[in-house]
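All remarks here apply to the structure that follows.
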Amino acid sequence: MKVYRFVTDDDFKDLTFLNKEDVRLFSTFTGQKITLDWNEEVFGISEDKLDRGKLLDFDSRCYGATFIVKKKFEKLFIEEFSDIIETFPIKIKGISEEYIYINLTNVVTAINFDGLDMQESLAMLRGENIRFNLEKIENETLFRDAKITSKYFCTQNFKDFIEKNRINGLKFKEIGTAT
């Protein structure tokens, strides 16, 4: 079984945090339910020279464990993943369309570190051949790993869901297999 990490599609403009404290805040979201007071306007559009000429009309963006989609897709995500996600409204400075932040609460012991020392584990994670435990993820679509909670991982089912619903702004990078 192939396992993917979804990443931002470079054809579209990138997001940036408006406030440095929000960078730290979002890094604390590691799969737990979010119970803090929610601030909707945390993102802006990156205006650096690497973003010149890129498209602005994206449906979704992702970097690390920060995953947003247009609000018009919220019902689809809730119908499909209500037991493993929670959604929060997000506003992007300079864009009138509404978005949602998707907090993934599905954390499983997915990556197989058996028989690897620290150096081998780090080398595996840096590469694109991460070993996943099939018995832990064979029924999963979208998940975080218990040790690597800052990344969202998915299987072909999630990739198919995104493609079927024509949600742009993401790319899928094969990063390992489950055996």
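Letters for chains follow the order of the structure tokens (A, B, ...), residue numbers begin at 1 for each chain, and ligand numbers begin at 1 in the order shown.
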
>> For the structure I just gave you, how does DSSP split chain A - specifically, which residues are strand (DSSP E or B)? Reply as a ChimeraX atom specification.
In response: /A:2-8,12,15-17,41-45,55,60-63,66-70,85-92,99-104,107-108,111,130-132,142-145,153-154,170-178

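Using only C-alpha atoms, the protein and nucleic acid residues lying no more than 8 Å from Ile68 in chain A, apart from those fewer than 2 places from it along its own chain, are Ser60, Arg61, Cys62, Thr66, Lys70, Ile90, Tyr99, Ile100, Tyr101 and Ile102 of chain A.
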
I need the chosen residues saved as a CSV table (one decimal), in the first residue's frame, with all heavy atoms.
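Writing the result to out-v9.csv gives the following:
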chain,number,residue,atom,x,y,z
A,60,SER,N,-7.3,24.8,-1.9
A,60,SER,CA,-6.7,24.3,-0.6
A,60,SER,C,-5.2,24.6,-0.6
A,60,SER,O,-4.6,24.9,-1.7
A,60,SER,CB,-6.9,22.8,-0.6
A,60,SER,OG,-6.3,22.2,-1.7
A,61,ARG,N,-4.7,24.7,0.6
A,61,ARG,CA,-3.2,24.9,0.7
A,61,ARG,C,-2.8,24.1,1.9
A,61,ARG,O,-3.6,23.8,2.9
A,61,ARG,CB,-2.9,26.4,1.0
A,61,ARG,CG,-3.3,27.3,0.0
A,61,ARG,CD,-2.9,27.1,-1.4
A,61,ARG,NE,-1.5,27.3,-1.7
A,61,ARG,CZ,-0.8,26.7,-2.6
A,61,ARG,NH1,-1.3,25.7,-3.2
A,61,ARG,NH2,0.5,27.0,-2.8
A,62,CYS,N,-1.6,23.6,1.9
A,62,CYS,CA,-1.0,22.8,3.0
A,62,CYS,C,0.5,23.1,3.2
A,62,CYS,O,1.2,23.2,2.2
A,62,CYS,CB,-1.3,21.4,2.7
A,62,CYS,SG,-0.5,20.3,3.9
A,66,THR,N,-0.6,22.3,8.6
A,66,THR,CA,-1.6,23.4,8.4
A,66,THR,C,-2.3,23.2,7.1
A,66,THR,O,-1.7,23.3,6.0
A,66,THR,CB,-0.9,24.8,8.4
A,66,THR,OG1,-0.1,24.9,9.6
A,66,THR,CG2,-1.8,25.9,8.3
A,70,LYS,N,-11.4,25.6,1.0
A,70,LYS,CA,-12.5,26.6,0.8
A,70,LYS,C,-13.7,26.0,1.6
A,70,LYS,O,-13.9,24.8,1.7
A,70,LYS,CB,-12.9,26.8,-0.6
A,70,LYS,CG,-12.0,27.7,-1.4
A,70,LYS,CD,-12.5,27.9,-2.8
A,70,LYS,CE,-11.5,28.9,-3.5
A,70,LYS,NZ,-11.9,29.1,-4.9
A,90,ILE,N,-11.4,30.2,8.7
A,90,ILE,CA,-10.2,30.9,8.4
A,90,ILE,C,-10.4,32.0,7.4
A,90,ILE,O,-11.1,31.8,6.4
A,90,ILE,CB,-9.1,29.9,7.9
A,90,ILE,CG1,-8.6,29.0,8.9
A,90,ILE,CG2,-8.0,30.7,7.2
A,90,ILE,CD1,-7.6,29.6,9.9
A,99,TYR,N,-12.5,30.2,4.1
A,99,TYR,CA,-11.8,29.0,4.1
A,99,TYR,C,-12.0,28.3,5.5
A,99,TYR,O,-12.5,29.0,6.4
A,99,TYR,CB,-10.3,29.2,3.9
A,99,TYR,CG,-9.9,29.5,2.5
A,99,TYR,CD1,-10.1,30.8,2.0
A,99,TYR,CD2,-9.5,28.5,1.6
A,99,TYR,CE1,-9.8,31.0,0.6
A,99,TYR,CE2,-9.2,28.7,0.3
A,99,TYR,CZ,-9.3,30.0,-0.2
A,99,TYR,OH,-9.0,30.3,-1.5
A,100,ILE,N,-11.6,27.1,5.6
A,100,ILE,CA,-11.6,26.4,6.9
A,100,ILE,C,-10.3,25.8,7.2
A,100,ILE,O,-9.6,25.4,6.2
A,100,ILE,CB,-12.7,25.3,7.0
A,100,ILE,CG1,-12.6,24.3,5.9
A,100,ILE,CG2,-14.1,26.0,7.1
A,100,ILE,CD1,-13.4,23.0,6.1
A,101,TYR,N,-9.9,25.8,8.4
A,101,TYR,CA,-8.7,25.0,8.8
A,101,TYR,C,-9.2,23.6,9.2
A,101,TYR,O,-10.2,23.5,10.0
A,101,TYR,CB,-8.0,25.7,10.0
A,101,TYR,CG,-7.0,24.8,10.7
A,101,TYR,CD1,-5.8,24.5,10.1
A,101,TYR,CD2,-7.2,24.3,12.0
A,101,TYR,CE1,-4.8,23.7,10.7
A,101,TYR,CE2,-6.2,23.6,12.6
A,101,TYR,CZ,-5.1,23.2,12.0
A,101,TYR,OH,-4.1,22.4,12.6
A,102,ILE,N,-8.5,22.6,8.8
A,102,ILE,CA,-8.9,21.2,9.1
A,102,ILE,C,-7.8,20.7,10.1
A,102,ILE,O,-6.6,20.5,9.8
A,102,ILE,CB,-8.9,20.3,7.9
A,102,ILE,CG1,-10.1,20.8,7.0
A,102,ILE,CG2,-9.1,18.9,8.3
A,102,ILE,CD1,-10.3,20.0,5.8

Distance query range 158-167 of chain A at most 12 Å, only C-alpha atoms, self and fewer than 4 positions along chain excluded, as a compact mmCIF listing (two decimals) with N, CA, C and O atoms, in the first residue's frame:
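Everything below was put into around-v9.txt:
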# COMPACT_ATOMS: atom_id res chain seq x y z
N LYS A 2 0.64 2.15 -0.91
CA LYS A 2 1.39 3.40 -0.97
C LYS A 2 0.87 4.39 0.06
O LYS A 2 -0.33 4.45 0.32
N VAL A 3 1.78 5.18 0.61
CA VAL A 3 1.43 6.22 1.56
C VAL A 3 1.96 7.54 1.01
O VAL A 3 3.07 7.60 0.48
N TYR A 4 1.14 8.58 1.15
CA TYR A 4 1.47 9.89 0.61
C TYR A 4 1.49 10.93 1.71
O TYR A 4 0.85 10.77 2.75
N ARG A 5 2.17 12.00 1.42
CA ARG A 5 2.08 13.22 2.20
C ARG A 5 1.60 14.26 1.21
O ARG A 5 2.10 14.32 0.10
N PHE A 6 0.58 15.01 1.58
CA PHE A 6 0.17 16.03 0.63
C PHE A 6 0.89 17.32 0.94
O PHE A 6 1.16 17.67 2.06
N VAL A 7 1.26 17.97 -0.16
CA VAL A 7 2.06 19.18 -0.09
C VAL A 7 1.39 20.24 -0.95
O VAL A 7 0.50 19.95 -1.74
N ASP A 9 0.72 22.74 -3.88
CA ASP A 9 0.95 22.79 -5.32
C ASP A 9 1.65 24.11 -5.63
O ASP A 9 1.10 25.19 -5.38
N ASP A 57 -6.27 31.61 -7.29
CA ASP A 57 -7.55 30.92 -7.10
C ASP A 57 -7.34 29.46 -6.70
O ASP A 57 -7.50 28.55 -7.50
N PHE A 58 -6.97 29.24 -5.46
CA PHE A 58 -6.76 27.88 -4.96
C PHE A 58 -7.92 27.45 -4.08
O PHE A 58 -8.54 28.27 -3.42
N ASP A 59 -8.18 26.15 -4.07
CA ASP A 59 -9.20 25.58 -3.19
C ASP A 59 -8.62 25.14 -1.86
O ASP A 59 -9.32 25.07 -0.86
N SER A 60 -7.33 24.80 -1.86
CA SER A 60 -6.70 24.29 -0.65
C SER A 60 -5.23 24.63 -0.65
O SER A 60 -4.63 24.85 -1.69
N ARG A 61 -4.66 24.67 0.55
CA ARG A 61 -3.23 24.89 0.75
C ARG A 61 -2.81 24.06 1.94
O ARG A 61 -3.60 23.82 2.86
N ILE A 68 -5.77 23.91 4.90
CA ILE A 68 -7.00 24.68 4.76
C ILE A 68 -7.66 24.34 3.43
O ILE A 68 -6.99 23.97 2.46
N VAL A 69 -8.98 24.46 3.40
CA VAL A 69 -9.76 24.31 2.16
C VAL A 69 -10.86 25.36 2.15
O VAL A 69 -11.23 25.90 3.20
N LYS A 70 -11.37 25.63 0.96
CA LYS A 70 -12.48 26.57 0.85
C LYS A 70 -13.67 26.04 1.64
O LYS A 70 -13.94 24.84 1.67
N LYS A 71 -14.38 26.97 2.25
CA LYS A 71 -15.54 26.61 3.08
C LYS A 71 -16.59 25.83 2.29
O LYS A 71 -17.27 24.98 2.84
N LYS A 72 -16.69 26.07 0.99
CA LYS A 72 -17.69 25.37 0.19
C LYS A 72 -17.48 23.85 0.19
O LYS A 72 -18.40 23.09 -0.11
N PHE A 73 -16.30 23.38 0.58
CA PHE A 73 -16.01 21.94 0.64
C PHE A 73 -16.19 21.36 2.05
O PHE A 73 -16.03 20.16 2.26
N GLU A 74 -16.53 22.21 3.02
CA GLU A 74 -16.60 21.76 4.41
C GLU A 74 -17.57 20.60 4.58
O GLU A 74 -17.26 19.61 5.26
N LYS A 75 -18.74 20.67 3.98
CA LYS A 75 -19.74 19.60 4.13
C LYS A 75 -19.19 18.27 3.62
O LYS A 75 -19.39 17.23 4.26
N LEU A 76 -18.49 18.28 2.51
CA LEU A 76 -17.89 17.05 1.98
C LEU A 76 -16.91 16.43 2.97
O LEU A 76 -16.92 15.22 3.20
N PHE A 77 -16.06 17.27 3.56
CA PHE A 77 -15.07 16.78 4.52
C PHE A 77 -15.75 16.24 5.77
O PHE A 77 -15.36 15.20 6.30
N GLU A 79 -18.85 15.07 6.03
CA GLU A 79 -19.55 13.82 5.70
C GLU A 79 -18.59 12.64 5.63
O GLU A 79 -18.91 11.54 6.07
N GLU A 80 -17.41 12.87 5.09
CA GLU A 80 -16.45 11.79 4.87
C GLU A 80 -15.56 11.50 6.08
O GLU A 80 -15.20 10.37 6.34
N PHE A 81 -15.22 12.55 6.85
CA PHE A 81 -14.19 12.41 7.88
C PHE A 81 -14.60 12.95 9.25
O PHE A 81 -13.73 13.29 10.06
N ASN A 139 -6.94 0.49 7.23
CA ASN A 139 -8.29 1.03 7.19
C ASN A 139 -8.31 2.55 7.32
O ASN A 139 -9.37 3.14 7.54
N GLU A 140 -7.15 3.18 7.21
CA GLU A 140 -7.05 4.62 7.36
C GLU A 140 -7.05 5.31 5.99
O GLU A 140 -6.62 4.74 5.01
N THR A 141 -7.52 6.53 5.99
CA THR A 141 -7.50 7.37 4.79
C THR A 141 -6.60 8.57 5.00
O THR A 141 -5.82 8.94 4.14
N LEU A 142 -6.70 9.16 6.17
CA LEU A 142 -5.98 10.38 6.52
C LEU A 142 -5.55 10.25 7.98
O LEU A 142 -6.37 9.92 8.83
N PHE A 143 -4.25 10.49 8.26
CA PHE A 143 -3.78 10.27 9.62
C PHE A 143 -2.49 11.04 9.89
O PHE A 143 -1.80 11.48 8.98
N TYR A 152 0.68 15.52 7.90
CA TYR A 152 -0.52 14.74 7.58
C TYR A 152 -0.12 13.72 6.53
O TYR A 152 0.51 14.05 5.53
N PHE A 153 -0.48 12.47 6.77
CA PHE A 153 -0.23 11.39 5.82
C PHE A 153 -1.58 10.90 5.30
O PHE A 153 -2.61 11.04 5.96
N CYS A 154 -1.56 10.29 4.12
CA CYS A 154 -2.80 9.76 3.57
C CYS A 154 -2.53 8.57 2.67
O CYS A 154 -1.39 8.31 2.29
N LYS A 171 -0.69 18.74 -3.95
CA LYS A 171 -0.02 17.68 -4.70
C LYS A 171 0.24 16.55 -3.72
O LYS A 171 0.36 16.78 -2.52
N PHE A 172 0.34 15.35 -4.24
CA PHE A 172 0.58 14.19 -3.40
C PHE A 172 1.95 13.63 -3.71
O PHE A 172 2.27 13.33 -4.85
N LYS A 173 2.74 13.49 -2.67
CA LYS A 173 4.09 12.98 -2.80
C LYS A 173 4.15 11.61 -2.14
O LYS A 173 3.88 11.47 -0.94
N GLU A 174 4.48 10.59 -2.93
CA GLU A 174 4.61 9.25 -2.35
C GLU A 174 5.85 9.24 -1.47
O GLU A 174 6.94 9.57 -1.92

>> Using only C-alpha atoms, which protein or nucleic acid residues come within 9 Å of range 29-41 of chain A? Drop anything in the same chain fewer than 5 positions from it, and give the result as a VMD selection string.
In response: chain A and resid 18 65 to 66 85 to 86 88 to 93 100 103 to 107 144 146 148 to 151

> Using only C-alpha atoms, which of the listed residues (A:Glu98, A:Asp117, A:Gln156, A:Asn112) sits closest to Thr179 in chain A?
Replying inline: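 Answer, going by the shortest atom-to-atom distance: A:Asn112.
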